[in-house]
Structure formats: structure tokens, C-alpha cells
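A.B. asks: Here you go, work00.pdb (PDB, C-alpha atoms):
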```pdb
ATOM      1  CA  MET A 221     146.308 143.882  31.080
ATOM      2  CA  ASN A 222     145.514 140.368  29.882
ATOM      3  CA  SER A 223     146.184 138.844  26.457
ATOM      4  CA  ASP A 224     142.845 140.070  25.053
ATOM      5  CA  GLY A 225     143.609 143.681  25.874
ATOM      6  CA  PHE A 226     141.213 143.899  28.803
ATOM      7  CA  VAL A 227     142.534 145.628  31.895
ATOM      8  CA  ILE A 228     142.119 144.040  35.324
ATOM      9  CA  ALA A 229     140.101 146.576  37.283
ATOM     10  CA  PRO A 230     141.085 147.919  40.702
ATOM     11  CA  GLY A 231     140.252 145.229  43.234
ATOM     12  CA  GLY A 232     140.169 142.622  40.502
ATOM     13  CA  ALA A 233     143.652 141.172  41.000
ATOM     14  CA  PRO A 234     144.093 137.994  43.036
ATOM     15  CA  PHE A 235     145.841 138.251  46.392
ATOM     16  CA  PHE A 236     148.265 135.915  48.138
ATOM     17  CA  PHE A 237     149.344 136.232  51.769
ATOM     18  CA  LEU A 238     152.036 133.757  52.785
ATOM     19  CA  GLY A 239     151.636 132.516  56.334
ATOM     20  CA  GLY A 240     151.723 129.193  58.132
ATOM     21  CA  ALA A 241     151.084 125.581  57.214
ATOM     22  CA  VAL A 242     147.293 125.922  57.165
ATOM     23  CA  GLY A 243     145.777 127.689  54.189
ATOM     24  CA  ALA A 244     142.480 129.143  53.050
ATOM     25  CA  VAL A 245     141.289 129.705  49.501
ATOM     26  CA  CYS A 246     138.950 132.713  49.698
ATOM     27  CA  THR A 247     136.750 132.728  46.594
ATOM     28  CA  HIS A 248     134.540 135.634  45.566
ATOM     29  CA  GLY A 249     131.070 135.597  44.072
ATOM     30  CA  PHE A 250     129.263 135.988  40.763
ATOM     31  CA  THR A 251     130.157 139.191  38.776
ATOM     32  CA  ALA A 252     132.312 140.359  41.694
ATOM     33  CA  SER A 253     136.071 140.349  42.301
ATOM     34  CA  PRO A 254     138.675 139.248  44.872
ATOM     35  CA  GLU A 255     138.139 142.576  46.635
ATOM     36  CA  GLU A 256     135.019 141.281  48.390
ATOM     37  CA  MET A 257     137.146 138.580  50.067
ATOM     38  CA  ARG A 258     140.234 140.703  50.772
ATOM     39  CA  TRP A 259     139.259 141.927  54.254
ATOM     40  CA  LEU A 260     138.466 138.379  55.347
ATOM     41  CA  GLY A 261     141.746 137.208  53.818
ATOM     42  CA  GLU A 262     143.687 139.845  55.738
ATOM     43  CA  TYR A 263     141.931 138.851  58.964
ATOM     44  CA  LEU A 264     142.841 135.180  58.519
ATOM     45  CA  HIS A 265     146.417 135.975  57.517
ATOM     46  CA  ALA A 266     146.860 138.137  60.611
ATOM     47  CA  ARG A 267     146.093 134.975  62.592
ATOM     48  CA  GLY A 268     148.747 132.963  60.824
ATOM     49  CA  LEU A 269     147.028 131.393  57.831
ATOM     50  CA  THR A 270     148.337 131.327  54.281
ATOM     51  CA  VAL A 271     145.580 132.857  52.171
ATOM     52  CA  TYR A 272     144.914 132.987  48.447
ATOM     53  CA  GLY A 273     142.064 134.915  46.864
ATOM     54  CA  PRO A 274     141.754 133.859  43.215
ATOM     55  CA  ARG A 275     140.190 135.918  40.453
ATOM     56  CA  LEU A 276     137.571 133.776  38.746
ATOM     57  CA  SER A 277     137.764 133.780  34.955
ATOM     58  CA  GLY A 278     136.041 136.738  33.326
ATOM     59  CA  HIS A 279     135.664 138.629  36.586
ATOM     60  CA  GLY A 280     137.369 141.888  37.474
ATOM     61  CA  THR A 281     137.863 142.828  33.817
ATOM     62  CA  ASP A 282     134.855 143.332  31.552
ATOM     63  CA  PRO A 283     131.381 141.715  31.403
ATOM     64  CA  GLU A 284     132.058 140.789  27.778
ATOM     65  CA  VAL A 285     134.928 138.596  28.952
ATOM     66  CA  MET A 286     132.795 136.990  31.642
ATOM     67  CA  ALA A 287     130.170 136.089  29.040
ATOM     68  CA  THR A 288     132.679 133.812  27.289
ATOM     69  CA  GLN A 289     133.379 131.698  30.369
ATOM     70  CA  ARG A 290     131.739 128.453  31.505
ATOM     71  CA  TRP A 291     131.096 127.216  35.025
ATOM     72  CA  ILE A 292     133.770 124.576  34.585
ATOM     73  CA  ASP A 293     136.278 127.397  33.977
ATOM     74  CA  TRP A 294     135.377 128.865  37.371
ATOM     75  CA  TYR A 295     135.702 125.464  39.004
ATOM     76  CA  GLU A 296     139.112 124.981  37.408
ATOM     77  CA  ASP A 297     140.125 128.338  38.909
ATOM     78  CA  GLU A 298     139.111 126.944  42.304
ATOM     79  CA  LEU A 299     141.091 123.758  41.706
ATOM     80  CA  ASP A 300     144.164 125.766  40.661
ATOM     81  CA  ALA A 301     143.888 127.848  43.835
ATOM     82  CA  ILE A 302     143.694 124.733  46.012
ATOM     83  CA  ALA A 303     146.676 123.207  44.208
ATOM     84  CA  LEU A 304     148.695 126.384  44.751
ATOM     85  CA  LEU A 305     148.056 126.317  48.499
ATOM     86  CA  ARG A 306     148.817 122.598  48.678
ATOM     87  CA  GLN A 307     152.389 123.512  47.711
ATOM     88  CA  HIS A 308     152.698 125.575  50.909
ATOM     89  CA  CYS A 309     150.237 124.026  53.356
ATOM     90  CA  ARG A 310     149.532 120.695  55.030
ATOM     91  CA  LYS A 311     145.847 121.605  55.363
ATOM     92  CA  VAL A 312     143.701 123.678  53.008
ATOM     93  CA  PHE A 313     140.210 125.040  53.632
ATOM     94  CA  ALA A 314     137.891 126.340  50.904
ATOM     95  CA  VAL A 315     136.124 129.551  51.976
ATOM     96  CA  GLY A 316     133.642 130.945  49.481
ATOM     97  CA  LEU A 317     130.958 133.605  49.231
ATOM     98  CA  SER A 318     127.891 133.172  47.006
ATOM     99  CA  MET A 319     129.072 131.473  43.799
ATOM    100  CA  GLY A 320     132.449 131.103  45.496
ATOM    101  CA  GLY A 321     130.569 129.122  48.132
ATOM    102  CA  LEU A 322     129.210 126.830  45.421
ATOM    103  CA  LEU A 323     132.729 126.217  44.111
ATOM    104  CA  SER A 324     133.956 125.551  47.649
ATOM    105  CA  LEU A 325     131.155 123.035  48.213
ATOM    106  CA  LEU A 326     131.988 121.300  44.947
ATOM    107  CA  ALA A 327     135.653 121.025  45.924
ATOM    108  CA  GLY A 328     134.583 119.683  49.303
ATOM    109  CA  ALA A 329     132.319 117.088  47.713
ATOM    110  CA  ALA A 330     135.316 115.929  45.663
ATOM    111  CA  GLY A 331     137.348 115.547  48.854
ATOM    112  CA  LEU A 332     139.967 118.059  47.700
ATOM    113  CA  VAL A 333     140.041 120.203  50.850
ATOM    114  CA  ASP A 334     140.163 119.626  54.595
ATOM    115  CA  GLY A 335     137.073 121.692  55.289
ATOM    116  CA  VAL A 336     134.605 124.092  53.666
ATOM    117  CA  VAL A 337     133.089 127.421  54.630
ATOM    118  CA  ALA A 338     130.165 128.346  52.387
ATOM    119  CA  MET A 339     128.561 131.752  52.866
ATOM    120  CA  ALA A 340     125.261 132.631  51.188
ATOM    121  CA  ALA A 341     125.751 129.892  48.591
ATOM    122  CA  PRO A 342     122.792 129.894  46.143
ATOM    123  CA  LEU A 343     121.573 126.325  45.775
ATOM    124  CA  ARG A 344     118.141 127.522  44.668
ATOM    125  CA  LEU A 345     117.039 131.008  43.709
ATOM    126  CA  GLU A 346     113.650 132.568  43.141
ATOM    127  CA  ARG A 347     114.858 133.641  39.686
ATOM    128  CA  ARG A 348     113.166 131.189  37.325
ATOM    129  CA  ASP A 349     114.516 133.179  34.396
ATOM    130  CA  LEU A 350     117.965 131.679  35.035
ATOM    131  CA  ALA A 351     116.855 128.447  33.396
ATOM    132  CA  PHE A 352     115.819 130.370  30.266
ATOM    133  CA  ALA A 353     119.106 132.263  29.906
ATOM    134  CA  PRO A 354     120.292 130.073  26.977
ATOM    135  CA  LEU A 355     117.137 131.009  25.056
ATOM    136  CA  ILE A 356     117.333 134.781  25.552
ATOM    137  CA  LYS A 357     121.068 135.415  25.647
ATOM    138  CA  HIS A 358     121.280 136.587  22.026
ATOM    139  CA  ALA A 359     118.337 138.978  22.306
ATOM    140  CA  VAL A 360     119.328 140.240  25.759
ATOM    141  CA  PRO A 361     123.072 139.650  26.238
ATOM    142  CA  PHE A 362     123.373 141.826  29.379
ATOM    143  CA  VAL A 363     120.871 142.720  32.088
ATOM    144  CA  PRO A 364     121.511 145.889  34.144
ATOM    145  CA  LYS A 365     121.448 145.463  37.920
ATOM    146  CA  GLU A 366     118.877 147.393  39.910
ATOM    147  CA  ASN A 367     120.131 150.130  42.229
ATOM    148  CA  TRP A 368     123.747 149.537  41.267
ATOM    149  CA  PRO A 369     126.294 150.286  42.702
ATOM    150  CA  GLY A 370     124.146 150.776  45.787
ATOM    151  CA  ARG A 371     124.550 151.255  49.521
ATOM    152  CA  LEU A 372     127.218 148.623  50.048
ATOM    153  CA  ASP A 373     129.554 150.113  47.462
ATOM    154  CA  ALA A 374     129.350 153.471  49.240
ATOM    155  CA  SER A 375     130.067 151.766  52.570
ATOM    156  CA  VAL A 376     133.069 149.918  51.134
ATOM    157  CA  ARG A 377     134.433 153.188  49.794
ATOM    158  CA  GLU A 378     134.123 154.735  53.242
ATOM    159  CA  VAL A 379     136.129 151.904  54.771
ATOM    160  CA  GLN A 380     138.763 152.083  52.033
ATOM    161  CA  ARG A 381     139.092 155.829  52.568
ATOM    162  CA  ALA A 382     139.261 155.531  56.358
ATOM    163  CA  GLN A 383     141.970 152.864  56.142
ATOM    164  CA  GLY A 384     144.067 154.815  53.652
ATOM    165  CA  ARG A 385     143.488 152.347  50.829
ATOM    166  CA  GLU A 386     142.888 153.135  47.194
ATOM    167  CA  VAL A 387     139.200 154.028  46.916
ATOM    168  CA  TYR A 388     137.466 152.048  44.177
ATOM    169  CA  GLY A 389     134.508 150.368  45.878
ATOM    170  CA  ARG A 390     133.435 146.770  45.532
ATOM    171  CA  GLY A 391     134.780 145.996  42.066
ATOM    172  CA  ASP A 392     131.462 144.495  40.952
ATOM    173  CA  TYR A 393     129.934 144.570  37.467
ATOM    174  CA  GLY A 394     126.872 146.734  36.943
ATOM    175  CA  VAL A 395     125.358 144.221  34.533
ATOM    176  CA  VAL A 396     124.826 140.468  34.495
ATOM    177  CA  PRO A 397     125.858 138.649  31.291
ATOM    178  CA  THR A 398     122.878 136.476  30.385
ATOM    179  CA  GLU A 399     125.125 133.640  29.262
ATOM    180  CA  SER A 400     126.868 133.732  32.641
ATOM    181  CA  ALA A 401     123.526 133.568  34.453
ATOM    182  CA  GLY A 402     122.837 130.356  32.574
ATOM    183  CA  GLN A 403     126.223 129.000  33.611
ATOM    184  CA  LEU A 404     125.458 129.849  37.244
ATOM    185  CA  HIS A 405     122.221 127.898  36.932
ATOM    186  CA  GLN A 406     124.137 124.884  35.635
ATOM    187  CA  LEU A 407     126.664 125.158  38.466
ATOM    188  CA  MET A 408     123.868 125.242  41.028
ATOM    189  CA  GLY A 409     122.460 122.032  39.575
ATOM    190  CA  GLU A 410     125.848 120.328  39.665
ATOM    191  CA  VAL A 411     126.410 121.301  43.304
ATOM    192  CA  LEU A 412     122.944 120.080  44.304
ATOM    193  CA  ARG A 413     123.679 116.740  42.669
ATOM    194  CA  ARG A 414     127.047 116.378  44.379
ATOM    195  CA  LEU A 415     126.228 117.657  47.884
ATOM    196  CA  PRO A 416     125.470 114.196  49.334
ATOM    197  CA  GLU A 417     129.125 113.341  48.618
ATOM    198  CA  LEU A 418     130.334 116.102  50.942
ATOM    199  CA  THR A 419     131.676 114.620  54.183
ATOM    200  CA  VAL A 420     134.450 117.058  55.200
ATOM    201  CA  PRO A 421     133.947 119.566  58.063
ATOM    202  CA  LEU A 422     131.517 122.248  56.957
ATOM    203  CA  LEU A 423     130.487 125.713  58.136
ATOM    204  CA  LEU A 424     127.397 127.265  56.537
ATOM    205  CA  ILE A 425     126.601 130.956  57.073
ATOM    206  CA  TYR A 426     123.400 132.549  55.752
ATOM    207  CA  SER A 427     121.467 135.719  56.551
ATOM    208  CA  ARG A 428     117.748 136.186  57.030
ATOM    209  CA  ALA A 429     118.091 139.656  55.475
ATOM    210  CA  ASP A 430     119.754 138.405  52.270
ATOM    211  CA  ARG A 431     117.703 139.742  49.345
ATOM    212  CA  THR A 432     119.580 137.653  46.766
ATOM    213  CA  VAL A 433     119.801 134.145  48.231
ATOM    214  CA  PRO A 434     116.734 133.060  50.228
ATOM    215  CA  TYR A 435     117.445 131.983  53.792
ATOM    216  CA  ASP A 436     115.871 128.555  53.217
ATOM    217  CA  ASN A 437     118.983 127.613  51.237
ATOM    218  CA  LEU A 438     120.569 126.894  54.618
ATOM    219  CA  ALA A 439     118.021 124.189  55.436
ATOM    220  CA  LEU A 440     118.362 122.761  51.940
ATOM    221  CA  ALA A 441     122.138 122.498  52.263
ATOM    222  CA  THR A 442     122.019 120.869  55.683
ATOM    223  CA  SER A 443     119.483 118.320  54.435
ATOM    224  CA  LEU A 444     121.739 117.171  51.613
ATOM    225  CA  VAL A 445     125.306 117.067  52.957
ATOM    226  CA  ASN A 446     126.719 114.117  54.880
ATOM    227  CA  SER A 447     129.276 115.982  56.984
ATOM    228  CA  THR A 448     129.266 114.703  60.552
ATOM    229  CA  ASP A 449     131.154 117.868  61.534
ATOM    230  CA  LEU A 450     128.584 120.487  60.529
ATOM    231  CA  VAL A 451     128.281 124.006  61.941
ATOM    232  CA  THR A 452     125.622 126.522  60.881
ATOM    233  CA  HIS A 453     125.159 130.174  61.734
ATOM    234  CA  THR A 454     122.386 132.616  60.961
ATOM    235  CA  LEU A 455     122.981 136.337  60.560
ATOM    236  CA  GLU A 456     120.071 138.704  61.082
ATOM    237  CA  ASN A 457     120.986 142.003  59.414
ATOM    238  CA  SER A 458     123.406 141.464  56.525
ATOM    239  CA  ASP A 459     122.429 141.507  52.883
ATOM    240  CA  HIS A 460     124.098 139.164  50.413
ATOM    241  CA  VAL A 461     127.765 140.196  50.568
ATOM    242  CA  LEU A 462     128.382 138.916  54.075
ATOM    243  CA  THR A 463     132.124 139.635  53.981
ATOM    244  CA  GLN A 464     131.638 143.389  53.536
ATOM    245  CA  ASP A 465     128.305 144.138  55.169
ATOM    246  CA  ILE A 466     127.548 145.304  58.713
ATOM    247  CA  GLU A 467     128.081 141.907  60.393
ATOM    248  CA  ARG A 468     131.379 141.236  58.624
ATOM    249  CA  GLU A 469     133.438 141.113  61.823
ATOM    250  CA  THR A 470     131.128 138.397  63.127
ATOM    251  CA  VAL A 471     131.623 136.502  59.871
ATOM    252  CA  TYR A 472     135.407 136.763  60.112
ATOM    253  CA  ALA A 473     135.388 135.461  63.681
ATOM    254  CA  LEU A 474     133.112 132.554  62.734
ATOM    255  CA  VAL A 475     135.394 131.544  59.879
ATOM    256  CA  TRP A 476     138.518 131.773  62.039
ATOM    257  CA  ASP A 477     136.941 129.864  64.930
ATOM    258  CA  PHE A 478     135.887 127.076  62.552
ATOM    259  CA  ILE A 479     139.283 126.744  60.894
ATOM    260  CA  SER A 480     141.376 127.181  64.040
ATOM    261  CA  ALA A 481     139.478 124.368  65.797
ATOM    262  CA  ARG A 482     140.370 122.007  62.928
ATOM    263  CA  MET A 483     144.005 122.906  62.240
ATOM    264  CA  ASP A 484     145.647 119.940  63.988
TER
END
```
So that I can check it, write out the structure of this file as C-alpha cells.
C.D. replies:
Amino acid sequence: MNSDGFVIAPGGAPFFFLGGAVGAVCTHGFTASPEEMRWLGEYLHARGLTVYGPRLSGHGTDPEVMATQRWIDWYEDELDAIALLRQHCRKVFAVGLSMGGLLSLLAGAAGLVDGVVAMAAPLRLERRDLAFAPLIKHAVPFVPKENWPGRLDASVREVQRAQGREVYGRGDYGVVPTESAGQLHQLMGEVLRRLPELTVPLLLIYSRADRTVPYDNLALATSLVNSTDLVTHTLENSDHVLTQDIERETVYALVWDFISARMD
């Protein structure tokens, strides 16, 4: 329980796996929790990495808490996570999904990490209402998600059950705080502005089947960054949560191959 009396939900707690001298910050996405990065974190740790999966402010507790946070709070969470791993590791990579990918890109643009993996990072969305969130947030403070918790939550529960884990699903909110949607929009704008400053090694992974972040975000990202060491990969069948969907093992291998080739 935190100081405001809100309980951290199952799957909402950060995770830390102490390993070798190369580390990865694995950052989850918007309205989600560290749980969606846990399997990837375990995979990387099994191969010798030190891994930290932070809980972004307002996530994994209650949507009312998330609505009080600003994008800079989430970025500070990312910076704290990088600083923590710097105490243990000589090299640190930022690995982020969705909004976590945006935060990873921002840290990379600032030169704070030795490489970035951004998965399904939303630089531009087909949701024009995001820009109007500050105008409607008082009338409509929360917007229910369609078809929540959905197919993926059921699939995650199956995996948790089969592996003998506690069964609680994805740990994702069923509503979007309107104020938070506006903050996401601001973060997207900041990342777009800063992307030309990104020169560290970069892996971008997007899916053609992603119904949240359009696939053309991959081309947009590659057109803006200045990384000479740039790797891209396209998935064909996964929806937005690449780390838990049907091509997740491919994603894990891509992330490991990218980091392991740049550990020296």
C-alpha cells in the first residue's frame, strides 16, 4: 500500500533481477503495469543481464492516481531506473513497450543509455481526440476501454496458470484517465521533437497487426533518428502488447540478439 492508501495491484510491483555487468531497464506501457514486461525481463536475466522493470507513477494502483501524474513524472521514473542500474552495470540499455518505448527513446536522445529498444512506440496515433483531452477531462474524466479485458488477458492468465504463477492477468486498467491521455499526447510531441538527437544503437520493433499504434510509426521513427546503428523488425501477427502476444518469443530473441551484440 502506498502513502495515499492505494494498494499496488497484483503484477503492479516493479521487479529487479540482479545479473551481470550489462543491464536493461524494461519499461511498460500506458495504463499497464510491470507485468507486461516481466516475461521479457526473465528471459534477459536468464541470459545474464541485470534487469529492472519500473512501475511508472500512477500505474498498477488505481486510475484516479494515474490521472494526477504528468508525463515528466513518468520520464523521471525512467531516469531513476537507469540510475539504479548504473550502480550495478557498466552498460545500460533502455527497453520499452508502447509509452515505455517513448520514454526509452527520450532517454536515448539524451544520451543516458548505451542503446534503445523501442517496441510499438506511438509517435503518432489516429486518435485526434488526444489533443482535446485538456478540454474534456472535467466532463469526461475516464473513458472505458472497448472489449476489456479481452483476448490477451485470457491468454496471459492461461500462461500464468500453466507456469504455476499467481493468476491475475495483464494488470491493465479498464479505463483511460482523460488527463493521462493528454499527458501521453504531450509526451509524443516531446519525443518527436527530440528524436533527431538520438544517435545511440537502436532497435525498433512494430507489428502490421497492431490495432493501437499504426505500422507507419516505424517509418516515421527511422526517418527522424540519427543512429548509424539502426535495426528494424516487422512482426506480422501480434497486436499491440508485443511482449505478451503470440510472437513474444520472437520479440525476446530480437531484444537479446540486439543487446548481446553490443555488450562489449
A.B. asks: So which residues touch Arg414 in chain A within 12 Å, counting only C-alpha atoms, skipping near sequence neighbours fewer than 2 positions away, as a ChimeraX atom specification?
C.D. replies: /A:322-331,343,407-412,416-419,441,444-446
A.B. asks: Which polymer residues have any atom within 10 Å of an atom of Gly391 in chain A, counting all atoms listed in the file, with same-chain residues fewer than 3 positions away left out, as a PDB file with C-alpha atoms, keeping the file's coordinate frame?
C.D. replies:
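Resulting contents of out.pdb:
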```pdb
ATOM      1  CA  ALA A 229     140.101 146.576  37.283  1.00  0.00           C
ATOM      2  CA  PRO A 230     141.085 147.919  40.702  1.00  0.00           C
ATOM      3  CA  GLY A 231     140.252 145.229  43.234  1.00  0.00           C
ATOM      4  CA  GLY A 232     140.169 142.622  40.502  1.00  0.00           C
ATOM      5  CA  THR A 251     130.157 139.191  38.776  1.00  0.00           C
ATOM      6  CA  ALA A 252     132.312 140.359  41.694  1.00  0.00           C
ATOM      7  CA  SER A 253     136.071 140.349  42.301  1.00  0.00           C
ATOM      8  CA  PRO A 254     138.675 139.248  44.872  1.00  0.00           C
ATOM      9  CA  GLU A 255     138.139 142.576  46.635  1.00  0.00           C
ATOM     10  CA  GLU A 256     135.019 141.281  48.390  1.00  0.00           C
ATOM     11  CA  HIS A 279     135.664 138.629  36.586  1.00  0.00           C
ATOM     12  CA  GLY A 280     137.369 141.888  37.474  1.00  0.00           C
ATOM     13  CA  THR A 281     137.863 142.828  33.817  1.00  0.00           C
ATOM     14  CA  PRO A 369     126.294 150.286  42.702  1.00  0.00           C
ATOM     15  CA  ASP A 373     129.554 150.113  47.462  1.00  0.00           C
ATOM     16  CA  TYR A 388     137.466 152.048  44.177  1.00  0.00           C
ATOM     17  CA  GLY A 394     126.872 146.734  36.943  1.00  0.00           C
TER      18      GLY A 394
END
```
A.B. asks: Please write the residues picked by the PyMOL selection byres ((chain A and resi 286-296) around 8) on this file as a ChimeraX atom specification.
C.D. replies: /A:251,276-279,282-285,297-300,323,397-400,403-404,406-407
A.B. asks: Would you put the residues from that selection into a file with C-alpha atoms, as a PDB file, keeping the file's coordinate frame?
C.D. replies:
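Wrote it out as part_21.pdb, contents follow:
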```
ATOM      1  CA  THR A 251     130.157 139.191  38.776  1.00  0.00           C
ATOM      2  CA  LEU A 276     137.571 133.776  38.746  1.00  0.00           C
ATOM      3  CA  SER A 277     137.764 133.780  34.955  1.00  0.00           C
ATOM      4  CA  GLY A 278     136.041 136.738  33.326  1.00  0.00           C
ATOM      5  CA  HIS A 279     135.664 138.629  36.586  1.00  0.00           C
ATOM      6  CA  ASP A 282     134.855 143.332  31.552  1.00  0.00           C
ATOM      7  CA  PRO A 283     131.381 141.715  31.403  1.00  0.00           C
ATOM      8  CA  GLU A 284     132.058 140.789  27.778  1.00  0.00           C
ATOM      9  CA  VAL A 285     134.928 138.596  28.952  1.00  0.00           C
ATOM     10  CA  ASP A 297     140.125 128.338  38.909  1.00  0.00           C
ATOM     11  CA  GLU A 298     139.111 126.944  42.304  1.00  0.00           C
ATOM     12  CA  LEU A 299     141.091 123.758  41.706  1.00  0.00           C
ATOM     13  CA  ASP A 300     144.164 125.766  40.661  1.00  0.00           C
ATOM     14  CA  LEU A 323     132.729 126.217  44.111  1.00  0.00           C
ATOM     15  CA  PRO A 397     125.858 138.649  31.291  1.00  0.00           C
ATOM     16  CA  THR A 398     122.878 136.476  30.385  1.00  0.00           C
ATOM     17  CA  GLU A 399     125.125 133.640  29.262  1.00  0.00           C
ATOM     18  CA  SER A 400     126.868 133.732  32.641  1.00  0.00           C
ATOM     19  CA  GLN A 403     126.223 129.000  33.611  1.00  0.00           C
ATOM     20  CA  LEU A 404     125.458 129.849  37.244  1.00  0.00           C
ATOM     21  CA  GLN A 406     124.137 124.884  35.635  1.00  0.00           C
ATOM     22  CA  LEU A 407     126.664 125.158  38.466  1.00  0.00           C
TER      23      LEU A 407
END
```
A.B. asks: On this structure, which residues satisfy the PyMOL selection byres ((chain A and resi 458-471) around 10), written as a PyMOL selection string?
C.D. replies: chain A and resi 248-249+252+255-261+263+316-318+339-341+371-373+375-376+379+390+425-434+453-457+472-477
A.B. asks: To one decimal place in Å, what is the distance between CA of Phe250 in chain A and CA of Lys365 in chain A?
C.D. replies: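 CA of Lys365 in chain A lies 12.6 Å from CA of Phe250 in chain A.
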A.B. asks: Between CA of Asp334 in chain A and CA of Leu440 in chain A, what distance in Å does the model show, to one decimal?
C.D. replies: 22.2 Å
A.B. asks: Would you compute the distance between CA of Leu423 in chain A and CA of Arg377 in chain A? Give it in Å to one decimal.
C.D. replies: 29.0 Å
A.B. asks: With all atoms listed in the file as the atoms that count, which of A:Thr448, A:Ser443, A:Thr270, A:Thr247 lies nearest to Met319 in chain A?
C.D. replies: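 Checking each of A:Thr448, A:Ser443, A:Thr270, A:Thr247 against Met319 in chain A, counting all atoms listed in the file, the winner is A:Thr247.
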A.B. asks: Go through A:Glu386, A:Glu346, A:Glu378, A:Asp436 one by one, measure the shortest atom-to-atom distance of each to His405 in chain A using only C-alpha atoms, and give the residue with the smallest value.
C.D. replies: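 Residue with the minimum atom-to-atom distance to His405 in chain A: A:Glu346.
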A.B. asks: Show me, as a PDB file with C-alpha atoms, in the frame of the given file, the residues that have an atom within 10 Å of Phe237 in chain A when counting all atoms listed in the file, minus same-chain residues fewer than 3 positions from it.
C.D. replies:
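Once everything was written out, this is out-v4.pdb:
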```pdb
ATOM      1  CA  GLY A 240     151.723 129.193  58.132  1.00  0.00           C
ATOM      2  CA  GLY A 243     145.777 127.689  54.189  1.00  0.00           C
ATOM      3  CA  ALA A 244     142.480 129.143  53.050  1.00  0.00           C
ATOM      4  CA  GLY A 261     141.746 137.208  53.818  1.00  0.00           C
ATOM      5  CA  GLU A 262     143.687 139.845  55.738  1.00  0.00           C
ATOM      6  CA  LEU A 264     142.841 135.180  58.519  1.00  0.00           C
ATOM      7  CA  HIS A 265     146.417 135.975  57.517  1.00  0.00           C
ATOM      8  CA  ALA A 266     146.860 138.137  60.611  1.00  0.00           C
ATOM      9  CA  GLY A 268     148.747 132.963  60.824  1.00  0.00           C
ATOM     10  CA  LEU A 269     147.028 131.393  57.831  1.00  0.00           C
ATOM     11  CA  THR A 270     148.337 131.327  54.281  1.00  0.00           C
ATOM     12  CA  VAL A 271     145.580 132.857  52.171  1.00  0.00           C
ATOM     13  CA  TYR A 272     144.914 132.987  48.447  1.00  0.00           C
ATOM     14  CA  GLY A 273     142.064 134.915  46.864  1.00  0.00           C
TER      15      GLY A 273
END
```
A.B. asks: With distances taken over all atoms listed in the file, which residue among A:His358, A:Arg482, A:Arg344, A:Arg381 lies nearest Asn437 in chain A?
C.D. replies: A:Arg344
A.B. asks: Can you work out which one of A:Lys311, A:Thr442, A:Arg267, A:Ala481 has the shortest atom-to-atom distance to Leu415 in chain A, counting all atoms listed in the file?
C.D. replies: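 Among the listed residues, the smallest separation from Leu415 in chain A belongs to A:Thr442.
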A.B. asks: Quick one: of A:Arg413, A:Gly370, A:Gly321, A:Val451, who's nearest to Pro342 in chain A, counting all atoms listed in the file?
C.D. replies: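 Nearest candidate to Pro342 in chain A out of A:Arg413, A:Gly370, A:Gly321, A:Val451: A:Gly321.
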A.B. asks: Taking into account only C-alpha atoms, which residue in the set A:Ala439, A:Val395, A:Val227, A:Val312 is nearest to Phe362 in chain A?
C.D. replies: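 So, comparing all the options, the nearest one is A:Val395.
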A.B. asks: What's around Ala314 in chain A at 7 Å? Count all atoms listed in the file, leave out sequence neighbours fewer than 4 positions away in its own chain, and write the answer as a PDB file with C-alpha atoms, in the frame of the given file.
C.D. replies:
```pdb
ATOM      1  CA  ALA A 244     142.480 129.143  53.050  1.00  0.00           C
ATOM      2  CA  VAL A 245     141.289 129.705  49.501  1.00  0.00           C
ATOM      3  CA  CYS A 246     138.950 132.713  49.698  1.00  0.00           C
ATOM      4  CA  SER A 324     133.956 125.551  47.649  1.00  0.00           C
ATOM      5  CA  VAL A 333     140.041 120.203  50.850  1.00  0.00           C
ATOM      6  CA  GLY A 335     137.073 121.692  55.289  1.00  0.00           C
ATOM      7  CA  VAL A 336     134.605 124.092  53.666  1.00  0.00           C
ATOM      8  CA  VAL A 337     133.089 127.421  54.630  1.00  0.00           C
TER       9      VAL A 337
END
```
